[in-house]
Amino acid sequence: MKYAVILYDGMADYPVPALDGKTPMECANKPLFDGMAKKGEVGLVKTIGDGLKPGSEIGNLSVLGYDPYECYTGRSPLEAVSIGVELKDTDVTLRCNLVTVSDEENYADKTMVDYSAGDISTAEAHELIKAVQEAFGNEIYRFYGGVAYRHCLVWENGTVDLGKMTPPHDITGRVVGEYLSTSENAKDLIAMMKKSYDVLKDHPVNQARIAKGELPANSIWLWGEGTKPALESFEDKFGLKGSVISAVDLLKGIGGCAKMRTPDVEGATGYMDTNFAGKAACAVEEFRNGADFVYLHFEAPDECGHRNEPENKVRSIELIDELVLSVLLPELEKYGDYKVMILPDHPTPIVTRTHASDPVPYMIYDSTKEKDGVDTINENTAKTTGNYFDSGALLMKHFLKD
């Protein structure tokens, strides 16, 4: 038996006025996804447990079969592992976004213009993170470059008791002052964020971006604090050799901590321009090389939700159908018996532009046990089936059972 999970990050949504009151799932032309839903099991799953923040780290850990209440130590440590940082037990890590803020003199009066600095390239970002390290790095604070706007700070002998360190994608278009932690423990971190504006605003990379009409990455934003993670090996936990395929360090870090393979895919960006076909081909190769289980993650729907791009969110769902399922499903047929599960990790509603904790639709197709499912899968049809799991970890056990 081969197992594939296709994770459409942030796919679930609320009715969108720009889509005539429909959700992106309802609008998307997804014949292969719907075709499996007609013969599969469809329902809802609560991937974000009560009291937990609706982040992708929580949702994906849950879907992968890990109980976040037991194993979650923070988001940024998972990303640090992917970047290749060797963490000590006494280290605290933080996500370091490169962001675009407005130009008011007082940092607290600035507005969060873009949490991703106009989707800055990795090459440009690494030049800026190098400048940040030169300005602030020492034996206590060390900055590491990641992918696109997503980077990492390691704080030796730090603390996670920092007050509220708000994710920047939660405050797009808002004045940042009320979202700056006032905790004494966070004082030096907030000072670095404020000073980073002077370090970055006139950097040659940003001057070139402005000349091209692009947004400058003129500040760092620190959040997602955590400590060294410890996950049980996926193979030990479930008896399957597994791989995680993703463009983002968070998912690669989860996979690495779970001792799963995390191959790189050239051109994988985490957005609409990602190499969809290349990621599908990579999944095929992982199965051919002996993987029993492949977790194929796509960030694009989530990014479109954060950016208030309803048409692009619809199109991202369609592109996975056209360029990924069309390649992966014929390959799985060659193995005879296989199962496919498709779901998001959490909703990222267009109308709020941030994550939500609502239960999300799931679909399980078993080539050996076809069922009477639904004609088309979306948030509403999934609810009508009455199938419900109150945790992603329970859903994974259900998916993997004979």
# chains A, B, ... in the order shown; residues from 1 in each chain; ligands from 1

call {"tool": "residues_around", "arguments": {"residues": "segment 257-271 of chain A", "least_positions_apart": "3", "cutoff": "6 Å", "atoms": "only C-alpha atoms", "output": "PyMOL selection string"}}
result
chain A and resi 231-234+242-245+247+252+254+274-275+299-300

call {"tool": "write_last_selection", "arguments": {"atoms": "N, CA and C atoms", "output": "PDB file, in the first residue's frame"}}
result
ATOM      1  N   LEU A 231      10.721  15.251  17.999  1.00  0.00           N
ATOM      2  CA  LEU A 231       9.617  14.461  17.466  1.00  0.00           C
ATOM      3  C   LEU A 231      10.045  13.005  17.330  1.00  0.00           C
ATOM      4  N   GLU A 232       9.111  12.113  17.601  1.00  0.00           N
ATOM      5  CA  GLU A 232       9.356  10.696  17.351  1.00  0.00           C
ATOM      6  C   GLU A 232       9.491  10.474  15.853  1.00  0.00           C
ATOM      7  N   SER A 233      10.391   9.604  15.473  1.00  0.00           N
ATOM      8  CA  SER A 233      10.558   9.259  14.065  1.00  0.00           C
ATOM      9  C   SER A 233       9.227   8.803  13.474  1.00  0.00           C
ATOM     10  N   PHE A 234       8.897   9.318  12.273  1.00  0.00           N
ATOM     11  CA  PHE A 234       7.652   8.918  11.615  1.00  0.00           C
ATOM     12  C   PHE A 234       7.646   7.414  11.351  1.00  0.00           C
ATOM     13  N   GLY A 242       8.832   7.618   5.142  1.00  0.00           N
ATOM     14  CA  GLY A 242       8.115   8.793   4.689  1.00  0.00           C
ATOM     15  C   GLY A 242       8.993   9.896   4.140  1.00  0.00           C
ATOM     16  N   SER A 243       8.387  10.746   3.302  1.00  0.00           N
ATOM     17  CA  SER A 243       9.046  11.919   2.729  1.00  0.00           C
ATOM     18  C   SER A 243       8.104  13.110   2.827  1.00  0.00           C
ATOM     19  N   VAL A 244       8.688  14.289   3.023  1.00  0.00           N
ATOM     20  CA  VAL A 244       7.958  15.549   3.004  1.00  0.00           C
ATOM     21  C   VAL A 244       8.517  16.398   1.875  1.00  0.00           C
ATOM     22  N   ILE A 245       7.642  16.874   0.997  1.00  0.00           N
ATOM     23  CA  ILE A 245       8.053  17.720  -0.127  1.00  0.00           C
ATOM     24  C   ILE A 245       7.382  19.065   0.039  1.00  0.00           C
ATOM     25  N   ALA A 247       8.202  23.698  -0.216  1.00  0.00           N
ATOM     26  CA  ALA A 247       9.099  24.804  -0.515  1.00  0.00           C
ATOM     27  C   ALA A 247       9.534  25.543   0.741  1.00  0.00           C
ATOM     28  N   LYS A 252       9.872  21.436   5.954  1.00  0.00           N
ATOM     29  CA  LYS A 252      11.105  20.659   5.880  1.00  0.00           C
ATOM     30  C   LYS A 252      11.650  20.393   7.279  1.00  0.00           C
ATOM     31  N   ILE A 254       9.817  20.144  10.079  1.00  0.00           N
ATOM     32  CA  ILE A 254       8.987  19.095  10.682  1.00  0.00           C
ATOM     33  C   ILE A 254       9.419  17.732  10.158  1.00  0.00           C
ATOM     34  N   THR A 274       5.367  28.672  -8.008  1.00  0.00           N
ATOM     35  CA  THR A 274       6.134  27.498  -7.610  1.00  0.00           C
ATOM     36  C   THR A 274       6.168  26.458  -8.734  1.00  0.00           C
ATOM     37  N   ASN A 275       7.093  25.549  -8.645  1.00  0.00           N
ATOM     38  CA  ASN A 275       7.240  24.492  -9.653  1.00  0.00           C
ATOM     39  C   ASN A 275       6.298  23.331  -9.293  1.00  0.00           C
ATOM     40  N   GLU A 299       2.034  25.709  -0.465  1.00  0.00           N
ATOM     41  CA  GLU A 299       1.830  26.921   0.319  1.00  0.00           C
ATOM     42  C   GLU A 299       0.937  27.947  -0.379  1.00  0.00           C
ATOM     43  N   ALA A 300       0.802  27.852  -1.702  1.00  0.00           N
ATOM     44  CA  ALA A 300       0.186  28.922  -2.484  1.00  0.00           C
ATOM     45  C   ALA A 300      -1.208  29.344  -2.011  1.00  0.00           C
TER      46      ALA A 300
END

call {"tool": "residues_around", "arguments": {"residues": "Thr73 of chain A", "least_positions_apart": "4", "cutoff": "6 Å", "atoms": "only C-alpha atoms", "output": "CSV table (one decimal) with N, CA, C and O atoms, in the first residue's frame"}}
result
chain,number,residue,atom,x,y,z
A,226,GLY,N,10.5,29.8,20.2
A,226,GLY,CA,10.5,28.4,20.6
A,226,GLY,C,11.8,27.8,21.0
A,226,GLY,O,12.8,28.4,20.9
A,227,THR,N,11.8,26.5,21.4
A,227,THR,CA,13.0,25.8,21.8
A,227,THR,C,13.2,24.5,21.0
A,227,THR,O,12.3,24.1,20.3
A,229,PRO,N,13.1,21.3,19.2
A,229,PRO,CA,12.0,20.3,19.1
A,229,PRO,C,12.5,18.9,19.3
A,229,PRO,O,13.7,18.6,19.1

call {"tool": "closest_residue", "arguments": {"among": "A:Tyr115, A:Phe399, A:Phe238, A:Tyr66", "to": "Leu222 of chain A", "atoms": "only C-alpha atoms"}}
result
A:Tyr115

call {"tool": "residues_around", "arguments": {"residues": "segment 380-382 of chain A", "least_positions_apart": "4", "cutoff": "6 Å", "atoms": "only C-alpha atoms", "output": "short mmCIF file (atom, residue, chain, number, x, y, z; two decimals) with N, CA and C atoms, in the first residue's frame"}}
result
data_model
loop_
_atom_site.label_atom_id
_atom_site.label_comp_id
_atom_site.auth_asym_id
_atom_site.auth_seq_id
_atom_site.Cartn_x
_atom_site.Cartn_y
_atom_site.Cartn_z
N VAL A 42 -15.47 11.77 2.76
CA VAL A 42 -15.38 13.21 2.91
C VAL A 42 -15.94 13.61 4.27
N GLY A 43 -15.32 14.56 4.90
CA GLY A 43 -15.81 15.03 6.20
C GLY A 43 -15.05 16.24 6.66
N LEU A 44 -15.15 16.53 7.95
CA LEU A 44 -14.46 17.66 8.56
C LEU A 44 -13.50 17.16 9.63
N PRO A 361 -12.34 20.76 5.62
CA PRO A 361 -12.76 19.56 4.88
C PRO A 361 -11.59 18.64 4.58
#

call {"tool": "closest_atom_pairs", "arguments": {"of": "segment 4-30 of chain A", "to": "segment 347-360 of chain A", "cutoff": "7 Å", "atoms": "only C-alpha atoms", "output": "JSON lines"}}
result
{"residue": "A:Gly10", "atom": "CA", "partner": "A:Thr348", "partner_atom": "CA", "distance": 4.6}
{"residue": "A:Met11", "atom": "CA", "partner": "A:Pro347", "partner_atom": "CA", "distance": 5.9}
{"residue": "A:Ala12", "atom": "CA", "partner": "A:Pro347", "partner_atom": "CA", "distance": 4.3}
{"residue": "A:Asp13", "atom": "CA", "partner": "A:Pro349", "partner_atom": "CA", "distance": 4.4}
{"residue": "A:Tyr14", "atom": "CA", "partner": "A:Pro349", "partner_atom": "CA", "distance": 5.6}
{"residue": "A:Val16", "atom": "CA", "partner": "A:Val351", "partner_atom": "CA", "distance": 6.7}

call {"tool": "write_last_selection", "arguments": {"atoms": "C-alpha atoms", "output": "JSON list (two decimals), in the first residue's frame"}}
result
[["chain", "number", "residue", "atom", "x", "y", "z"],
["A", 10, "GLY", "CA", -4.87, 27.42, 4.03],
["A", 11, "MET", "CA", -7.30, 26.22, 1.33],
["A", 12, "ALA", "CA", -10.47, 26.34, 3.47],
["A", 13, "ASP", "CA", -12.22, 29.69, 3.53],
["A", 14, "TYR", "CA", -15.35, 31.69, 4.30],
["A", 16, "VAL", "CA", -15.90, 35.69, -0.40]]

call {"tool": "select_by_dssp", "arguments": {"residues": "segment 28-115 of chain A", "states": "alpha helix (DSSP H)", "output": "ChimeraX atom specification"}}
result
/A:31-39,56-63,68-71,76-83

call {"tool": "residues_around", "arguments": {"residues": "Pro310 of chain A", "least_positions_apart": "5", "cutoff": "9 Å", "atoms": "only C-alpha atoms", "output": "number ranges by chain"}}
result
A: 16, 18-19, 23-24, 304-305, 315, 350

call {"tool": "write_last_selection", "arguments": {"atoms": "N, CA, C and O atoms", "output": "mmCIF file, in the first residue's frame"}}
result
data_model
loop_
_atom_site.group_PDB
_atom_site.id
_atom_site.type_symbol
_atom_site.label_atom_id
_atom_site.label_comp_id
_atom_site.auth_asym_id
_atom_site.auth_seq_id
_atom_site.Cartn_x
_atom_site.Cartn_y
_atom_site.Cartn_z
ATOM 1 N N VAL A 16 -16.679 34.529 0.044
ATOM 2 C CA VAL A 16 -15.896 35.686 -0.399
ATOM 3 C C VAL A 16 -16.781 36.592 -1.261
ATOM 4 O O VAL A 16 -17.277 36.152 -2.303
ATOM 5 N N ALA A 18 -16.066 38.875 -3.347
ATOM 6 C CA ALA A 18 -15.541 39.003 -4.709
ATOM 7 C C ALA A 18 -15.792 37.755 -5.549
ATOM 8 O O ALA A 18 -15.658 37.786 -6.773
ATOM 9 N N LEU A 19 -16.158 36.646 -4.895
ATOM 10 C CA LEU A 19 -16.474 35.398 -5.600
ATOM 11 C C LEU A 19 -17.976 35.112 -5.520
ATOM 12 O O LEU A 19 -18.393 33.952 -5.506
ATOM 13 N N THR A 23 -16.879 30.187 -1.726
ATOM 14 C CA THR A 23 -15.503 30.006 -1.284
ATOM 15 C C THR A 23 -14.638 29.625 -2.487
ATOM 16 O O THR A 23 -15.154 29.161 -3.521
ATOM 17 N N PRO A 24 -13.317 29.782 -2.379
ATOM 18 C CA PRO A 24 -12.445 29.343 -3.470
ATOM 19 C C PRO A 24 -12.620 27.863 -3.820
ATOM 20 O O PRO A 24 -12.566 27.497 -5.003
ATOM 21 N N CYS A 304 -2.151 33.264 -0.896
ATOM 22 C CA CYS A 304 -3.212 34.031 -1.569
ATOM 23 C C CYS A 304 -4.248 34.529 -0.577
ATOM 24 O O CYS A 304 -4.801 35.623 -0.737
ATOM 25 N N GLY A 305 -4.529 33.736 0.460
ATOM 26 C CA GLY A 305 -5.441 34.188 1.498
ATOM 27 C C GLY A 305 -4.889 35.382 2.251
ATOM 28 O O GLY A 305 -5.596 36.363 2.496
ATOM 29 N N ARG A 315 -7.237 29.786 -8.457
ATOM 30 C CA ARG A 315 -6.339 29.235 -9.481
ATOM 31 C C ARG A 315 -5.291 28.307 -8.873
ATOM 32 O O ARG A 315 -4.917 27.303 -9.495
ATOM 33 N N ILE A 350 -10.016 34.774 3.025
ATOM 34 C CA ILE A 350 -9.732 36.000 2.285
ATOM 35 C C ILE A 350 -10.210 37.227 3.059
ATOM 36 O O ILE A 350 -9.530 38.268 3.095
#

call {"tool": "select_by_dssp", "arguments": {"residues": "segment 57-129 of chain A", "states": "strand (DSSP E or B)", "output": "VMD selection string"}}
result
chain A and resid 91 to 101 111 to 114

call {"tool": "write_last_selection", "arguments": {"atoms": "C-alpha atoms", "output": "PDB file, in the first residue's frame"}}
result
ATOM      1  CA  ASP A  91      18.811  28.085  22.639  1.00  0.00           C
ATOM      2  CA  VAL A  92      15.639  30.008  21.844  1.00  0.00           C
ATOM      3  CA  THR A  93      14.792  30.647  18.205  1.00  0.00           C
ATOM      4  CA  LEU A  94      12.530  33.225  16.567  1.00  0.00           C
ATOM      5  CA  ARG A  95      11.195  33.560  13.037  1.00  0.00           C
ATOM      6  CA  CYS A  96      12.741  36.621  11.422  1.00  0.00           C
ATOM      7  CA  ASN A  97      10.548  37.962   8.616  1.00  0.00           C
ATOM      8  CA  LEU A  98      11.823  40.554   6.194  1.00  0.00           C
ATOM      9  CA  VAL A  99       8.876  42.932   5.939  1.00  0.00           C
ATOM     10  CA  THR A 100       7.889  46.249   4.391  1.00  0.00           C
ATOM     11  CA  VAL A 101       6.806  48.981   6.777  1.00  0.00           C
ATOM     12  CA  THR A 111       2.156  50.504   9.156  1.00  0.00           C
ATOM     13  CA  MET A 112       2.771  46.870   8.199  1.00  0.00           C
ATOM     14  CA  VAL A 113       2.613  47.242   4.415  1.00  0.00           C
ATOM     15  CA  ASP A 114       3.638  43.693   3.470  1.00  0.00           C
TER      16      ASP A 114
END

call {"tool": "residues_around", "arguments": {"residues": "Gly40 of chain A", "least_positions_apart": "6", "cutoff": "8 Å", "atoms": "only C-alpha atoms", "output": "list in words"}}
result
Met363, Ile364, Tyr365, Asp366, Glu370, Lys371, Asp372 and Gly373 of chain A

call {"tool": "write_last_selection", "arguments": {"atoms": "N, CA, C and O atoms", "output": "compact mmCIF listing (two decimals), in the first residue's frame"}}
result
# COMPACT_ATOMS: atom_id res chain seq x y z
N MET A 363 -10.64 14.73 2.46
CA MET A 363 -11.08 13.68 1.55
C MET A 363 -10.07 12.54 1.60
O MET A 363 -8.86 12.77 1.50
N ILE A 364 -10.55 11.32 1.78
CA ILE A 364 -9.70 10.12 1.73
C ILE A 364 -10.22 9.21 0.62
O ILE A 364 -11.39 8.82 0.63
N TYR A 365 -9.34 8.90 -0.31
CA TYR A 365 -9.68 7.95 -1.38
C TYR A 365 -8.85 6.68 -1.18
O TYR A 365 -7.63 6.74 -1.08
N ASP A 366 -9.54 5.55 -1.13
CA ASP A 366 -8.90 4.24 -0.97
C ASP A 366 -9.19 3.43 -2.23
O ASP A 366 -10.35 3.14 -2.54
N GLU A 370 -13.83 1.74 -2.58
CA GLU A 370 -14.52 2.94 -3.03
C GLU A 370 -15.85 3.11 -2.29
O GLU A 370 -16.51 2.13 -1.95
N LYS A 371 -16.21 4.37 -2.05
CA LYS A 371 -17.42 4.68 -1.28
C LYS A 371 -18.31 5.64 -2.06
O LYS A 371 -17.95 6.12 -3.13
N ASP A 372 -19.46 5.93 -1.51
CA ASP A 372 -20.34 6.96 -2.05
C ASP A 372 -20.01 8.27 -1.35
O ASP A 372 -20.36 8.46 -0.18
N GLY A 373 -19.34 9.15 -2.05
CA GLY A 373 -18.91 10.39 -1.44
C GLY A 373 -19.81 11.55 -1.79
O GLY A 373 -21.02 11.48 -1.64

call {"tool": "residues_around", "arguments": {"residues": "segment 133-147 of chain A", "least_positions_apart": "2", "cutoff": "10 Å", "atoms": "only C-alpha atoms", "output": "ChimeraX atom specification"}}
result
/A:79-80,82-85,91-97,120-123,125-131,149-158,189,192,195-196,199,247-249,269-270

call {"tool": "write_last_selection", "arguments": {"atoms": "C-alpha atoms", "output": "mmCIF file, in the first residue's frame"}}
result
data_model
loop_
_atom_site.group_PDB
_atom_site.id
_atom_site.type_symbol
_atom_site.label_atom_id
_atom_site.label_comp_id
_atom_site.auth_asym_id
_atom_site.auth_seq_id
_atom_site.Cartn_x
_atom_site.Cartn_y
_atom_site.Cartn_z
ATOM 1 C CA GLU A 79 12.454 26.158 10.578
ATOM 2 C CA ALA A 80 15.914 26.374 12.139
ATOM 3 C CA SER A 82 15.514 22.860 8.096
ATOM 4 C CA ILE A 83 18.015 25.671 7.585
ATOM 5 C CA GLY A 84 20.644 23.410 9.154
ATOM 6 C CA VAL A 85 21.141 25.176 12.468
ATOM 7 C CA ASP A 91 18.811 28.085 22.639
ATOM 8 C CA VAL A 92 15.639 30.008 21.844
ATOM 9 C CA THR A 93 14.792 30.647 18.205
ATOM 10 C CA LEU A 94 12.530 33.225 16.567
ATOM 11 C CA ARG A 95 11.195 33.560 13.037
ATOM 12 C CA CYS A 96 12.741 36.621 11.422
ATOM 13 C CA ASN A 97 10.548 37.962 8.616
ATOM 14 C CA ILE A 120 11.411 39.062 -1.967
ATOM 15 C CA SER A 121 13.732 36.535 -3.621
ATOM 16 C CA THR A 122 15.959 34.291 -1.528
ATOM 17 C CA ALA A 123 19.135 35.716 -3.077
ATOM 18 C CA ALA A 125 17.010 38.314 1.210
ATOM 19 C CA HIS A 126 20.294 36.623 2.068
ATOM 20 C CA GLU A 127 22.155 39.864 1.312
ATOM 21 C CA LEU A 128 19.880 41.703 3.716
ATOM 22 C CA ILE A 129 20.104 39.073 6.456
ATOM 23 C CA LYS A 130 23.897 39.288 6.120
ATOM 24 C CA ALA A 131 23.631 43.015 6.831
ATOM 25 C CA TYR A 149 11.155 36.409 3.387
ATOM 26 C CA ARG A 150 11.400 33.656 6.048
ATOM 27 C CA HIS A 151 14.571 33.662 8.216
ATOM 28 C CA CYS A 152 15.723 32.738 11.706
ATOM 29 C CA LEU A 153 17.256 34.261 14.829
ATOM 30 C CA VAL A 154 18.952 32.014 17.406
ATOM 31 C CA TRP A 155 19.222 33.520 20.877
ATOM 32 C CA GLU A 156 21.677 31.783 23.202
ATOM 33 C CA ASN A 157 20.291 31.233 26.721
ATOM 34 C CA GLY A 158 17.138 33.079 25.713
ATOM 35 C CA LEU A 189 14.474 42.088 20.390
ATOM 36 C CA MET A 192 16.706 45.329 17.038
ATOM 37 C CA LYS A 195 17.025 49.718 14.499
ATOM 38 C CA SER A 196 16.824 47.336 11.550
ATOM 39 C CA VAL A 199 20.141 49.329 8.626
ATOM 40 C CA ALA A 247 9.099 24.804 -0.515
ATOM 41 C CA VAL A 248 9.075 26.179 3.032
ATOM 42 C CA ASP A 249 11.515 25.610 5.872
ATOM 43 C CA THR A 269 8.827 29.007 -4.086
ATOM 44 C CA GLY A 270 5.796 28.616 -1.820
#

call {"tool": "closest_residue", "arguments": {"among": "A:Ala211, A:Tyr8, A:Gly386, A:Thr172", "to": "Asn308 of chain A", "atoms": "only C-alpha atoms"}}
result
A:Thr172

call {"tool": "residues_around", "arguments": {"residues": "Ser326 of chain A", "least_positions_apart": "5", "cutoff": "9 Å", "atoms": "only C-alpha atoms", "output": "count of residues only"}}
result
4

call {"tool": "closest_residue", "arguments": {"among": "A:Tyr197, A:Pro204, A:Asp273, A:Trp223", "to": "Ser181 of chain A", "atoms": "only C-alpha atoms"}}
result
A:Trp223

call {"tool": "closest_residue", "arguments": {"among": "A:Lys30, A:Lys39, A:Lys339, A:Arg307", "to": "Asp402 of chain A", "atoms": "only C-alpha atoms"}}
result
A:Lys339

call {"tool": "closest_residue", "arguments": {"among": "A:Lys313, A:His297, A:Lys2, A:Lys88", "to": "Leu64 of chain A", "atoms": "only C-alpha atoms"}}
result
A:His297
